[in-house]
Amino acid sequence: MATSGNYRNFYKKDGKTYAHTINPLTGYPAEQEILSATIVAPDCMTADALATAAMAMGLEKTRELISGLPDIEYFLIYTVPKGGYRTEYSKGMLQYLPARGTLSVLENP
């Protein structure tokens with residue numbers, strides 16, 4: 001299991017937020033809606049690579065990639081255009097999560 005995130009390691013300049021994840025296609029900070037990606041995979045190297053890739057790819061491309069990979073579970077926290085955030089996770093991830101009632105701190109108020 002591995003988690004990557006931009007929720008703690010970022011800075012703001014002139015009202016714009018810059019995260020530490022770099023988009024490998026541009027060489028600039030990734031500007032994606034995912035704040036945190038947790039991946040469960042058969043080995044930690046795969047989990048870490050996918051979590052970091054999710055941060056650079058964004059929500060839609062992450063969904064596409066992970067849907068085609070066996071034995072991969074995910075938990076994503078992402079921003080929404082109107083403000084706030086949402087969570088999304090695979091069915092298989094439920095076995096690693098606490099009882100649903102204790103997740104309220106992660107849900108958008």
# chains A, B, ... in the order shown; residues from 1 in each chain; ligands from 1

call {"tool": "residues_around", "arguments": {"residues": "stretch 27-41 of chain A", "least_positions_apart": "3", "cutoff": "7 Å", "atoms": "only C-alpha atoms", "output": "number ranges by chain"}}
result
A: 1-7, 18-24, 44, 46-47, 50-51, 54-56, 58-59, 71-79

call {"tool": "select_by_dssp", "arguments": {"residues": "stretch 1-106 of chain A", "states": "strand (DSSP E or B)", "output": "MDAnalysis selection string"}}
result
chainID A and resid 2:5 10:13 16:19 22 29 34:40 73:79 85:89

call {"tool": "write_last_selection", "arguments": {"atoms": "N, CA, C and O atoms", "output": "compact mmCIF listing (two decimals), in the first residue's frame"}}
result
# COMPACT_ATOMS: atom_id res chain seq x y z
N ALA A 2 0.42 2.26 -0.72
CA ALA A 2 1.14 3.54 -0.75
C ALA A 2 0.14 4.67 -0.94
O ALA A 2 -0.90 4.48 -1.57
N THR A 3 0.48 5.82 -0.39
CA THR A 3 -0.34 7.02 -0.55
C THR A 3 0.54 8.16 -1.06
O THR A 3 1.63 8.37 -0.55
N SER A 4 0.02 8.86 -2.06
CA SER A 4 0.66 10.09 -2.54
C SER A 4 -0.35 11.20 -2.38
O SER A 4 -1.56 10.98 -2.51
N GLY A 5 0.13 12.40 -2.10
CA GLY A 5 -0.81 13.51 -1.94
C GLY A 5 -0.17 14.87 -2.08
O GLY A 5 1.03 15.03 -1.86
N PHE A 10 2.77 21.85 -0.71
CA PHE A 10 2.43 22.77 -1.79
C PHE A 10 2.73 24.19 -1.32
O PHE A 10 3.03 24.42 -0.16
N TYR A 11 2.67 25.11 -2.25
CA TYR A 11 2.77 26.52 -1.86
C TYR A 11 1.84 27.34 -2.75
O TYR A 11 1.42 26.89 -3.81
N LYS A 12 1.52 28.54 -2.28
CA LYS A 12 0.65 29.44 -3.02
C LYS A 12 1.41 30.69 -3.38
O LYS A 12 2.15 31.23 -2.58
N LYS A 13 1.22 31.12 -4.61
CA LYS A 13 1.84 32.35 -5.08
C LYS A 13 0.84 33.06 -5.98
O LYS A 13 0.31 32.46 -6.92
N LYS A 16 -2.43 31.31 -6.71
CA LYS A 16 -2.39 30.02 -7.39
C LYS A 16 -1.64 29.01 -6.53
O LYS A 16 -0.62 29.33 -5.93
N THR A 17 -2.16 27.79 -6.47
CA THR A 17 -1.54 26.72 -5.68
C THR A 17 -0.64 25.88 -6.57
O THR A 17 -1.04 25.47 -7.66
N TYR A 18 0.57 25.64 -6.11
CA TYR A 18 1.54 24.81 -6.82
C TYR A 18 1.87 23.59 -5.96
O TYR A 18 2.32 23.75 -4.82
N ALA A 19 1.64 22.41 -6.50
CA ALA A 19 1.89 21.18 -5.77
C ALA A 19 3.28 20.64 -6.10
O ALA A 19 3.91 21.04 -7.08
N ILE A 22 5.12 16.61 -10.07
CA ILE A 22 5.48 17.17 -11.37
C ILE A 22 4.82 16.36 -12.49
O ILE A 22 4.87 15.13 -12.48
N PRO A 29 4.54 21.71 -12.29
CA PRO A 29 3.67 21.08 -11.28
C PRO A 29 2.35 20.61 -11.89
O PRO A 29 1.76 21.31 -12.73
N ILE A 34 -6.99 15.64 -7.94
CA ILE A 34 -6.74 14.65 -6.90
C ILE A 34 -5.85 15.25 -5.82
O ILE A 34 -4.79 15.79 -6.11
N LEU A 35 -6.30 15.16 -4.57
CA LEU A 35 -5.53 15.64 -3.43
C LEU A 35 -4.72 14.52 -2.80
O LEU A 35 -3.65 14.74 -2.25
N SER A 36 -5.27 13.29 -2.84
CA SER A 36 -4.63 12.14 -2.23
C SER A 36 -5.05 10.88 -2.96
O SER A 36 -6.23 10.72 -3.29
N ALA A 37 -4.09 10.01 -3.22
CA ALA A 37 -4.36 8.72 -3.86
C ALA A 37 -3.71 7.62 -3.04
O ALA A 37 -2.49 7.63 -2.84
N THR A 38 -4.52 6.71 -2.53
CA THR A 38 -4.02 5.54 -1.81
C THR A 38 -4.28 4.32 -2.67
O THR A 38 -5.41 4.12 -3.13
N ILE A 39 -3.26 3.54 -2.88
CA ILE A 39 -3.35 2.35 -3.73
C ILE A 39 -2.90 1.13 -2.95
O ILE A 39 -1.89 1.17 -2.25
N VAL A 40 -3.65 0.04 -3.10
CA VAL A 40 -3.26 -1.26 -2.56
C VAL A 40 -2.95 -2.13 -3.77
O VAL A 40 -3.78 -2.26 -4.69
N GLU A 73 -6.53 -1.90 -5.73
CA GLU A 73 -7.63 -1.21 -5.05
C GLU A 73 -7.19 0.24 -4.83
O GLU A 73 -6.00 0.53 -4.75
N TYR A 74 -8.17 1.14 -4.72
CA TYR A 74 -7.83 2.56 -4.59
C TYR A 74 -8.78 3.31 -3.67
O TYR A 74 -9.93 2.92 -3.49
N PHE A 75 -8.28 4.40 -3.13
CA PHE A 75 -9.07 5.37 -2.37
C PHE A 75 -8.56 6.74 -2.79
O PHE A 75 -7.37 7.05 -2.61
N LEU A 76 -9.42 7.56 -3.38
CA LEU A 76 -9.04 8.88 -3.87
C LEU A 76 -9.81 9.97 -3.13
O LEU A 76 -11.00 9.82 -2.86
N ILE A 77 -9.13 11.04 -2.83
CA ILE A 77 -9.76 12.26 -2.32
C ILE A 77 -9.48 13.33 -3.37
O ILE A 77 -8.32 13.52 -3.77
N TYR A 78 -10.53 14.00 -3.83
CA TYR A 78 -10.35 14.98 -4.91
C TYR A 78 -11.25 16.19 -4.71
O TYR A 78 -12.27 16.12 -4.04
N THR A 79 -10.84 17.29 -5.30
CA THR A 79 -11.62 18.52 -5.22
C THR A 79 -12.71 18.51 -6.29
O THR A 79 -12.61 17.81 -7.29
N TYR A 85 -14.59 18.83 -1.39
CA TYR A 85 -13.94 17.63 -1.91
C TYR A 85 -14.88 16.44 -1.82
O TYR A 85 -15.91 16.47 -1.16
N ARG A 86 -14.50 15.38 -2.52
CA ARG A 86 -15.23 14.12 -2.53
C ARG A 86 -14.24 12.98 -2.37
O ARG A 86 -13.04 13.16 -2.57
N THR A 87 -14.77 11.82 -2.04
CA THR A 87 -13.95 10.61 -1.97
C THR A 87 -14.53 9.58 -2.93
O THR A 87 -15.72 9.58 -3.23
N GLU A 88 -13.66 8.72 -3.39
CA GLU A 88 -14.06 7.61 -4.26
C GLU A 88 -13.14 6.45 -3.96
O GLU A 88 -11.94 6.64 -3.77
N TYR A 89 -13.70 5.25 -3.91
CA TYR A 89 -12.87 4.08 -3.64
C TYR A 89 -13.45 2.86 -4.33
O TYR A 89 -14.64 2.80 -4.64

call {"tool": "atom_distance", "arguments": {"atom1": "atom CA of A:Met57", "atom2": "atom CA of A:Met45"}}
result
18.0 Å

call {"tool": "atom_distance", "arguments": {"atom1": "atom CA of A:Asp48", "atom2": "atom CA of A:Pro98"}}
result
22.1 Å

call {"tool": "atom_distance", "arguments": {"atom1": "atom CA of A:Leu25", "atom2": "atom CA of A:Pro81"}}
result
23.9 Å
